[in-house]
file final.txt (compact mmCIF, C-alpha atoms and all ligand atoms)
# COMPACT_ATOMS: atom_id res chain seq x y z
CA MET A 28 11.60 -1.26 18.19
CA VAL A 29 14.14 -4.09 18.69
CA MET A 30 11.39 -6.46 19.84
CA ALA A 31 9.07 -5.38 17.03
CA THR A 32 11.83 -6.02 14.49
CA ALA A 33 12.64 -9.44 15.96
CA ALA A 34 8.95 -10.39 15.90
CA ALA A 35 8.60 -9.18 12.30
CA LEU A 36 11.67 -11.19 11.28
CA THR A 37 10.25 -14.35 12.86
CA GLU A 38 6.97 -13.74 11.05
CA LEU A 39 8.61 -13.21 7.66
CA GLU A 40 10.82 -16.25 8.10
CA GLN A 41 7.72 -18.33 8.80
CA GLU A 42 5.95 -16.87 5.75
CA ILE A 43 8.95 -17.72 3.58
CA THR A 44 9.35 -21.25 4.95
CA ALA A 45 5.66 -22.12 4.53
CA PRO A 46 4.20 -19.87 1.82
CA GLY A 47 0.52 -20.29 1.05
CA GLU A 48 -0.81 -20.52 -2.46
CA GLY A 49 -3.01 -17.44 -2.69
CA LEU A 50 -2.42 -13.81 -3.56
CA ASP A 51 -1.43 -13.20 0.06
CA ARG A 52 1.89 -14.99 -0.15
CA LEU A 53 5.47 -13.83 -0.44
CA ARG A 54 7.53 -15.09 -3.38
CA LEU A 55 11.25 -14.85 -4.05
CA VAL A 56 11.37 -13.19 -7.47
CA GLU A 57 13.82 -11.41 -9.74
CA THR A 58 13.30 -7.66 -9.59
CA PRO A 59 11.91 -6.72 -13.04
CA PHE A 60 14.43 -3.97 -13.89
CA VAL A 61 17.24 -5.35 -11.72
CA PRO A 62 17.23 -9.13 -12.26
CA GLU A 63 20.59 -9.45 -10.48
CA VAL A 64 18.66 -8.90 -7.23
CA ARG A 65 16.00 -11.32 -6.02
CA LEU A 66 13.49 -10.16 -3.43
CA HIS A 67 10.79 -11.70 -1.30
CA LEU A 68 7.83 -9.68 -2.59
CA ALA A 69 4.10 -10.06 -2.03
CA GLU A 70 2.13 -11.62 -4.84
CA ASP A 71 -0.39 -8.86 -4.07
CA ALA A 72 0.73 -6.47 -1.34
CA ILE A 73 -2.80 -5.25 -0.58
CA VAL A 74 -4.11 -8.78 -0.02
CA TRP A 75 -1.02 -9.65 2.07
CA TRP A 76 -1.56 -6.51 4.17
CA ALA A 77 -5.23 -7.36 4.78
CA ARG A 78 -4.36 -10.86 6.00
CA MET A 79 -1.54 -9.65 8.27
CA GLU A 80 -3.74 -6.94 9.79
CA ALA A 81 -6.53 -9.47 10.39
CA ALA A 82 -4.03 -11.82 12.08
CA ALA A 83 -2.52 -9.01 14.19
CA GLY A 84 -5.93 -7.61 15.13
CA ARG A 85 -4.63 -4.04 14.70
CA PRO A 86 -3.70 -1.68 11.88
CA LEU A 87 -0.22 -2.20 10.41
CA ALA A 88 1.78 0.22 8.28
CA ALA A 89 1.34 -0.33 4.55
CA PRO A 90 3.81 -3.04 3.47
CA TYR A 91 5.88 -0.83 1.18
CA TRP A 92 8.73 -3.29 1.62
CA ALA A 93 6.68 -5.98 -0.20
CA SER A 94 6.95 -4.22 -3.58
CA ALA A 95 9.91 -3.09 -5.68
CA TRP A 96 9.25 0.62 -6.19
CA ALA A 97 10.07 2.28 -9.48
CA GLY A 98 12.46 4.82 -7.92
CA GLY A 99 14.40 2.12 -6.10
CA GLN A 100 14.65 0.00 -9.22
CA ALA A 101 16.13 2.88 -11.24
CA LEU A 102 18.65 3.68 -8.52
CA ALA A 103 19.66 0.04 -8.06
CA ARG A 104 20.09 -0.32 -11.85
CA TYR A 105 22.33 2.74 -11.92
CA LEU A 106 24.55 1.45 -9.11
CA LEU A 107 25.00 -1.97 -10.67
CA ASP A 108 25.87 -0.38 -14.02
CA HIS A 109 28.32 2.08 -12.38
CA PRO A 110 30.04 0.10 -9.61
CA GLY A 111 32.88 2.64 -9.45
CA LEU A 112 30.48 4.99 -7.65
CA VAL A 113 30.01 2.51 -4.87
CA ARG A 114 33.17 0.44 -4.57
CA ASP A 115 34.86 0.67 -1.15
CA ARG A 116 32.47 3.37 0.05
CA ARG A 117 30.28 3.63 3.16
CA VAL A 118 26.69 3.69 2.00
CA LEU A 119 23.37 4.50 3.65
CA ASP A 120 20.15 3.46 1.92
CA LEU A 121 17.47 5.69 3.42
CA ALA A 122 13.91 4.32 3.64
CA THR A 123 15.09 1.04 2.26
CA GLY A 124 11.76 -0.87 2.07
CA SER A 125 12.66 -4.28 0.62
CA GLY A 126 16.37 -3.40 0.73
CA LEU A 127 16.69 -3.43 -3.07
CA VAL A 128 18.99 -0.39 -3.31
CA ALA A 129 21.10 -1.48 -0.33
CA ILE A 130 21.56 -4.95 -1.82
CA ALA A 131 22.54 -3.47 -5.19
CA ALA A 132 25.13 -1.30 -3.42
CA ALA A 133 26.54 -4.34 -1.65
CA LEU A 134 26.67 -6.30 -4.92
CA ALA A 135 28.45 -3.34 -6.54
CA GLY A 136 31.24 -3.57 -3.96
CA ALA A 137 30.44 -1.11 -1.18
CA ARG A 138 32.68 -1.38 1.88
CA GLN A 139 29.75 -1.04 4.29
CA VAL A 140 26.01 -0.78 3.65
CA VAL A 141 23.45 0.35 6.19
CA ALA A 142 19.77 0.03 5.25
CA ASN A 143 17.46 2.20 7.33
CA ASP A 144 13.68 2.19 7.70
CA ILE A 145 11.09 3.03 10.35
CA ASP A 146 8.95 -0.04 9.61
CA PRO A 147 10.02 -3.14 11.59
CA TYR A 148 8.75 -5.33 8.72
CA ALA A 149 11.01 -3.46 6.29
CA VAL A 150 13.98 -4.02 8.59
CA ALA A 151 13.09 -7.72 8.67
CA ALA A 152 12.59 -7.77 4.88
CA VAL A 153 16.07 -6.31 4.28
CA THR A 154 17.50 -9.02 6.49
CA VAL A 155 15.84 -11.91 4.61
CA ASN A 156 16.46 -10.29 1.22
CA ALA A 157 20.16 -9.66 1.92
CA ARG A 158 20.42 -13.30 2.94
CA ALA A 159 18.74 -14.41 -0.30
CA ASN A 160 21.31 -12.42 -2.28
CA ARG A 161 24.26 -13.49 -0.10
CA VAL A 162 25.39 -9.98 0.77
CA ASP A 163 26.17 -8.17 4.01
CA VAL A 164 23.79 -5.34 4.79
CA THR A 165 23.26 -3.86 8.24
CA ALA A 166 19.54 -3.31 8.77
CA GLN A 167 18.92 -0.30 11.01
CA ALA A 168 15.54 0.59 12.48
CA GLY A 169 14.60 4.16 13.32
CA ASP A 170 14.07 7.66 12.02
CA LEU A 171 17.27 9.44 10.97
CA LEU A 172 15.66 12.40 9.26
CA ASP A 173 16.46 14.89 12.02
CA ALA A 174 19.99 13.57 12.52
CA ASP A 175 23.29 14.47 10.86
CA ILE A 176 24.90 11.45 9.26
CA GLN A 177 28.43 10.59 8.18
CA VAL A 178 28.50 8.47 5.02
CA ASP A 179 30.23 8.59 1.65
CA LEU A 180 27.14 7.84 -0.41
CA LEU A 181 23.52 8.46 0.57
CA LEU A 182 20.90 6.66 -1.51
CA ALA A 183 17.16 7.29 -1.51
CA GLY A 184 14.80 5.32 -3.74
CA ASP A 185 11.20 6.47 -4.13
CA VAL A 186 11.17 8.42 -0.88
CA LEU A 187 9.09 11.34 -2.21
CA TYR A 188 5.80 9.48 -2.20
CA ASP A 189 3.82 12.06 -0.25
CA GLY A 190 4.17 15.74 0.61
CA GLU A 191 4.81 15.20 4.31
CA MET A 192 7.64 12.74 3.67
CA ALA A 193 9.15 14.96 0.96
CA ALA A 194 9.13 17.95 3.34
CA ARG A 195 11.33 16.01 5.77
CA VAL A 196 13.49 14.03 3.35
CA LEU A 197 14.58 16.81 1.00
CA PRO A 198 16.22 18.98 3.73
CA PHE A 199 17.86 15.83 5.13
CA LEU A 200 19.35 14.99 1.72
CA ARG A 201 20.54 18.58 1.26
CA ARG A 202 22.18 18.62 4.71
CA ALA A 203 23.96 15.35 3.98
CA ALA A 204 25.19 16.72 0.64
CA ALA A 205 26.40 19.93 2.32
CA GLY A 206 28.24 17.74 4.84
CA GLY A 207 30.15 16.01 2.04
CA ALA A 208 28.05 12.95 1.21
CA GLN A 209 27.36 12.11 -2.40
CA VAL A 210 23.57 11.93 -2.71
CA LEU A 211 21.56 10.01 -5.30
CA LEU A 212 17.79 9.99 -5.52
CA GLY A 213 15.66 7.60 -7.58
CA ASP A 214 12.37 9.33 -8.37
CA PRO A 215 9.48 8.49 -10.72
CA GLY A 216 8.01 12.01 -10.51
CA ARG A 217 5.19 11.84 -7.99
CA GLY A 218 4.94 15.64 -7.89
CA HIS A 219 6.96 16.36 -4.75
CA LEU A 220 10.30 17.38 -6.26
CA SER A 221 10.75 21.00 -7.32
CA ALA A 222 12.13 21.62 -10.81
CA THR A 223 15.22 23.35 -9.45
CA GLY A 224 18.03 22.18 -7.22
CA TRP A 225 18.40 18.72 -8.74
CA GLU A 226 19.96 17.50 -11.94
CA THR A 227 19.13 14.34 -13.83
CA VAL A 228 21.90 11.77 -14.04
CA VAL A 229 19.93 9.22 -16.05
CA SER A 230 16.35 8.30 -16.92
CA TYR A 231 15.19 4.70 -17.38
CA PRO A 232 11.91 3.11 -18.49
CA VAL A 233 11.09 1.13 -15.34
CA PRO A 234 8.34 -1.44 -14.82
CA THR A 235 6.83 -1.48 -11.35
CA THR A 236 5.55 -4.03 -8.89
CA GLU A 237 3.82 -1.39 -6.78
CA PRO A 238 0.40 -2.34 -5.45
CA SER A 239 -2.55 -1.24 -7.56
CA VAL A 240 -0.38 0.45 -10.16
CA ASP A 241 -0.35 -0.36 -13.86
CA PRO A 242 2.85 -2.34 -14.49
CA ALA A 243 3.60 -0.55 -17.79
CA PRO A 244 7.12 0.95 -17.78
CA ARG A 245 7.40 4.65 -17.00
CA PRO A 246 10.36 7.06 -17.11
CA VAL A 247 12.15 7.17 -13.78
CA ARG A 248 15.05 9.50 -13.05
CA VAL A 249 18.15 9.16 -10.96
CA LEU A 250 19.05 12.64 -9.70
CA ARG A 251 21.76 14.40 -7.73
CA PRO A 252 21.82 17.79 -6.04
CA ALA A 253 22.67 20.46 -8.63
C1 LIG B 301 7.87 3.92 -1.22
S1 LIG B 301 8.82 2.97 -0.12
C2 LIG B 301 10.38 2.89 -1.00
C3 LIG B 301 11.20 1.70 -0.59
C4 LIG B 301 12.50 1.49 -1.34
N1 LIG B 301 13.43 2.58 -1.12
C5 LIG B 301 12.28 1.23 -2.79
O1 LIG B 301 12.58 2.12 -3.61
O2 LIG B 301 11.79 0.14 -3.16
C6 LIG B 301 9.16 4.16 1.18
C7 LIG B 301 9.77 3.60 2.46
O3 LIG B 301 10.01 4.70 3.33
C8 LIG B 301 9.91 4.22 4.65
N2 LIG B 301 9.87 5.38 5.55
C9 LIG B 301 8.84 6.24 5.78
N3 LIG B 301 9.20 7.20 6.65
C10 LIG B 301 10.51 6.96 6.97
C11 LIG B 301 11.47 7.60 7.82
N4 LIG B 301 11.17 8.70 8.51
N5 LIG B 301 12.71 7.07 7.91
C12 LIG B 301 13.04 5.94 7.23
N6 LIG B 301 12.17 5.29 6.40
C13 LIG B 301 10.93 5.79 6.28
C14 LIG B 301 8.68 3.35 4.60
O4 LIG B 301 8.58 2.50 5.71
C15 LIG B 301 8.90 2.63 3.25
O5 LIG B 301 9.60 1.42 3.45
call {"tool": "encode", "arguments": {"input": "final.txt", "output": "structure tokens"}}
result
Amino acid sequence: MVMATAAALTELEQEITAPGEGLDRLRLVETPFVPEVRLHLAEDAIVWWARMEAAAGRPLAAPYWASAWAGGQALARYLLDHPGLVRDRRVLDLATGSGLVAIAAALAGARQVVANDIDPYAVAAVTVNARANRVDVTAQAGDLLDADIQVDLLLAGDVLYDGEMAARVLPFLRRAAAGGAQVLLGDPGRGHLSATGWETVVSYPVPTTEPSVDPAPRPVRVLRPA
């Protein structure tokens, strides 16, 4: 994993230094709903993915890190608008993707921010994106979903994107909350969150940069365990 992450970081740094001109390039852009945070995102993540797979000669995980997901944008917005929730706290951003939520937490004054993902490219993306926003974020590779964690604030943006992931993430979030962590979830309602057990903190109309999704704003909730 360490070597895969180092290789991915080298690759992303090269992409950023010498971007092409087509749809398969990365661009440093303001996040639509969180303009305080700039991210290296794919002009078109699907086209970028196809080129990288062709170059690697093997299948690669979908580049979720190359888009700013609606759930992450809502959560990042909420943190930046309520820095008192974050200030001086130890934060874990689970399934960080681009690192948007982790970077927002750092900008809001967190004492320590760890950004975790299983995709080496996501870990590399957090590194280059934290650099672009001049914040300290510790990028951590690996799967924590079966572990018990010790943090003050656990953040999860758009992690309920399929049934299998939801079946692992929701018990993890509940365990963390039972262990004393404050838990916040950013969720656009993809059908994997039961109606009970969570309460809405806020709902925002969030535009998306997700691949192949209509960019029209949609209501996205920030939730906490009830
Ligand atoms: C839909 S993206 C959301 C990214 C980001 N939180 C956001 O809101 O923009 C989901 C992310 O979950 C990551 N992921 C999937 N399984 C994971 C696991 N077991 N542990 C950590 N991250 C995981 C993927 O690699 C991907 O980056």
call {"tool": "closest_residue", "arguments": {"input": "final.txt", "among": "A:Ala95, A:Ala135, A:Ala203, A:Leu102", "to": "ligand LIG 301 (chain B)", "atoms": "all atoms listed in the file"}}
result
A:Ala95
call {"tool": "residues_near_ligand", "arguments": {"input": "final.txt", "ligand": "ligand LIG 301 (chain B)", "cutoff": "7 Å", "atoms": "only C-alpha atoms and all ligand atoms", "output": "PyMOL selection string"}}
result
chain A and resi 91-92+94-100+121-128+143-146+149+169-172+183-186+188+192
call {"tool": "closest_residue", "arguments": {"input": "final.txt", "among": "A:Tyr148, A:Leu87, A:Asp120, A:Val162", "to": "Gly136 in chain A", "atoms": "only C-alpha atoms"}}
result
A:Val162
call {"tool": "atom_distance", "arguments": {"input": "final.txt", "atom1": "CA of Asn160 in chain A", "atom2": "CA of Val64 in chain A"}}
result
6.6 Å
call {"tool": "closest_atom_pairs", "arguments": {"input": "final.txt", "of": "range 88-203 of chain A", "to": "range 30-35 of chain A", "cutoff": "7 Å", "atoms": "all atoms listed in the file", "output": "JSON lines"}}
result
{"residue": "A:Pro147", "atom": "CA", "partner": "A:Thr32", "partner_atom": "CA", "distance": 4.5}
{"residue": "A:Tyr148", "atom": "CA", "partner": "A:Ala35", "partner_atom": "CA", "distance": 5.3}
{"residue": "A:Val150", "atom": "CA", "partner": "A:Thr32", "partner_atom": "CA", "distance": 6.6}
{"residue": "A:Ala151", "atom": "CA", "partner": "A:Ala35", "partner_atom": "CA", "distance": 6.0}
call {"tool": "atom_distance", "arguments": {"input": "final.txt", "atom1": "CA of Ala159 in chain A", "atom2": "CA of Met28 in chain A"}}
result
23.8 Å
call {"tool": "atom_distance", "arguments": {"input": "final.txt", "atom1": "CA of Thr44 in chain A", "atom2": "CA of Arg78 in chain A"}}
result
17.2 Å
call {"tool": "closest_residue", "arguments": {"input": "final.txt", "among": "A:Phe60, A:Ala88, A:Pro110, A:Thr154", "to": "Leu36 in chain A", "atoms": "only C-alpha atoms"}}
result
A:Thr154
call {"tool": "residues_around", "arguments": {"input": "final.txt", "residues": "Asp173 in chain A", "least_positions_apart": "5", "cutoff": "12 Å", "atoms": "only C-alpha atoms", "output": "list in words"}}
result
Ala194, Arg195, Val196, Leu197, Pro198, Phe199, Leu200, Arg202 and Ala203 of chain A
call {"tool": "closest_residue", "arguments": {"input": "final.txt", "among": "A:Leu220, A:Val140, A:Leu211, A:Ala157", "to": "Arg116 in chain A", "atoms": "all atoms listed in the file"}}
result
A:Val140
call {"tool": "closest_residue", "arguments": {"input": "final.txt", "among": "A:Gln177, A:Asp163, A:Ile130, A:Val155", "to": "Glu38 in chain A", "atoms": "all atoms listed in the file"}}
result
A:Val155
call {"tool": "closest_residue", "arguments": {"input": "final.txt", "among": "A:Ala142, A:Val74, A:Ala133, A:Ala103", "to": "Val247 in chain A", "atoms": "all atoms listed in the file"}}
result
A:Ala103
call {"tool": "residues_near_point", "arguments": {"input": "final.txt", "point": "(15.3, -12.2, -4.2)", "cutoff": "6 Å", "atoms": "only C-alpha atoms", "output": "ChimeraX atom specification"}}
result
/A:55-57,64-67,156,159
call {"tool": "residues_around", "arguments": {"input": "final.txt", "residues": "Pro246 in chain A", "least_positions_apart": "6", "cutoff": "10 Å", "atoms": "only C-alpha atoms", "output": "PyMOL selection string"}}
result
chain A and resi 97-98+101+214-216+229-234
call {"tool": "residues_near_point", "arguments": {"input": "final.txt", "point": "(8.5, -15.6, 4.9)", "cutoff": "9 Å", "atoms": "all atoms listed in the file", "output": "mmCIF file with C-alpha atoms, in the frame of the given file"}}
result
data_model
loop_
_atom_site.group_PDB
_atom_site.id
_atom_site.type_symbol
_atom_site.label_atom_id
_atom_site.label_comp_id
_atom_site.auth_asym_id
_atom_site.auth_seq_id
_atom_site.Cartn_x
_atom_site.Cartn_y
_atom_site.Cartn_z
ATOM 1 C CA LEU A 36 11.670 -11.190 11.280
ATOM 2 C CA THR A 37 10.250 -14.350 12.860
ATOM 3 C CA GLU A 38 6.970 -13.740 11.050
ATOM 4 C CA LEU A 39 8.610 -13.210 7.660
ATOM 5 C CA GLU A 40 10.820 -16.250 8.100
ATOM 6 C CA GLN A 41 7.720 -18.330 8.800
ATOM 7 C CA GLU A 42 5.950 -16.870 5.750
ATOM 8 C CA ILE A 43 8.950 -17.720 3.580
ATOM 9 C CA THR A 44 9.350 -21.250 4.950
ATOM 10 C CA ALA A 45 5.660 -22.120 4.530
ATOM 11 C CA PRO A 46 4.200 -19.870 1.820
ATOM 12 C CA ARG A 52 1.890 -14.990 -0.150
ATOM 13 C CA LEU A 53 5.470 -13.830 -0.440
ATOM 14 C CA ARG A 54 7.530 -15.090 -3.380
ATOM 15 C CA HIS A 67 10.790 -11.700 -1.300
ATOM 16 C CA ALA A 152 12.590 -7.770 4.880
ATOM 17 C CA VAL A 155 15.840 -11.910 4.610
#
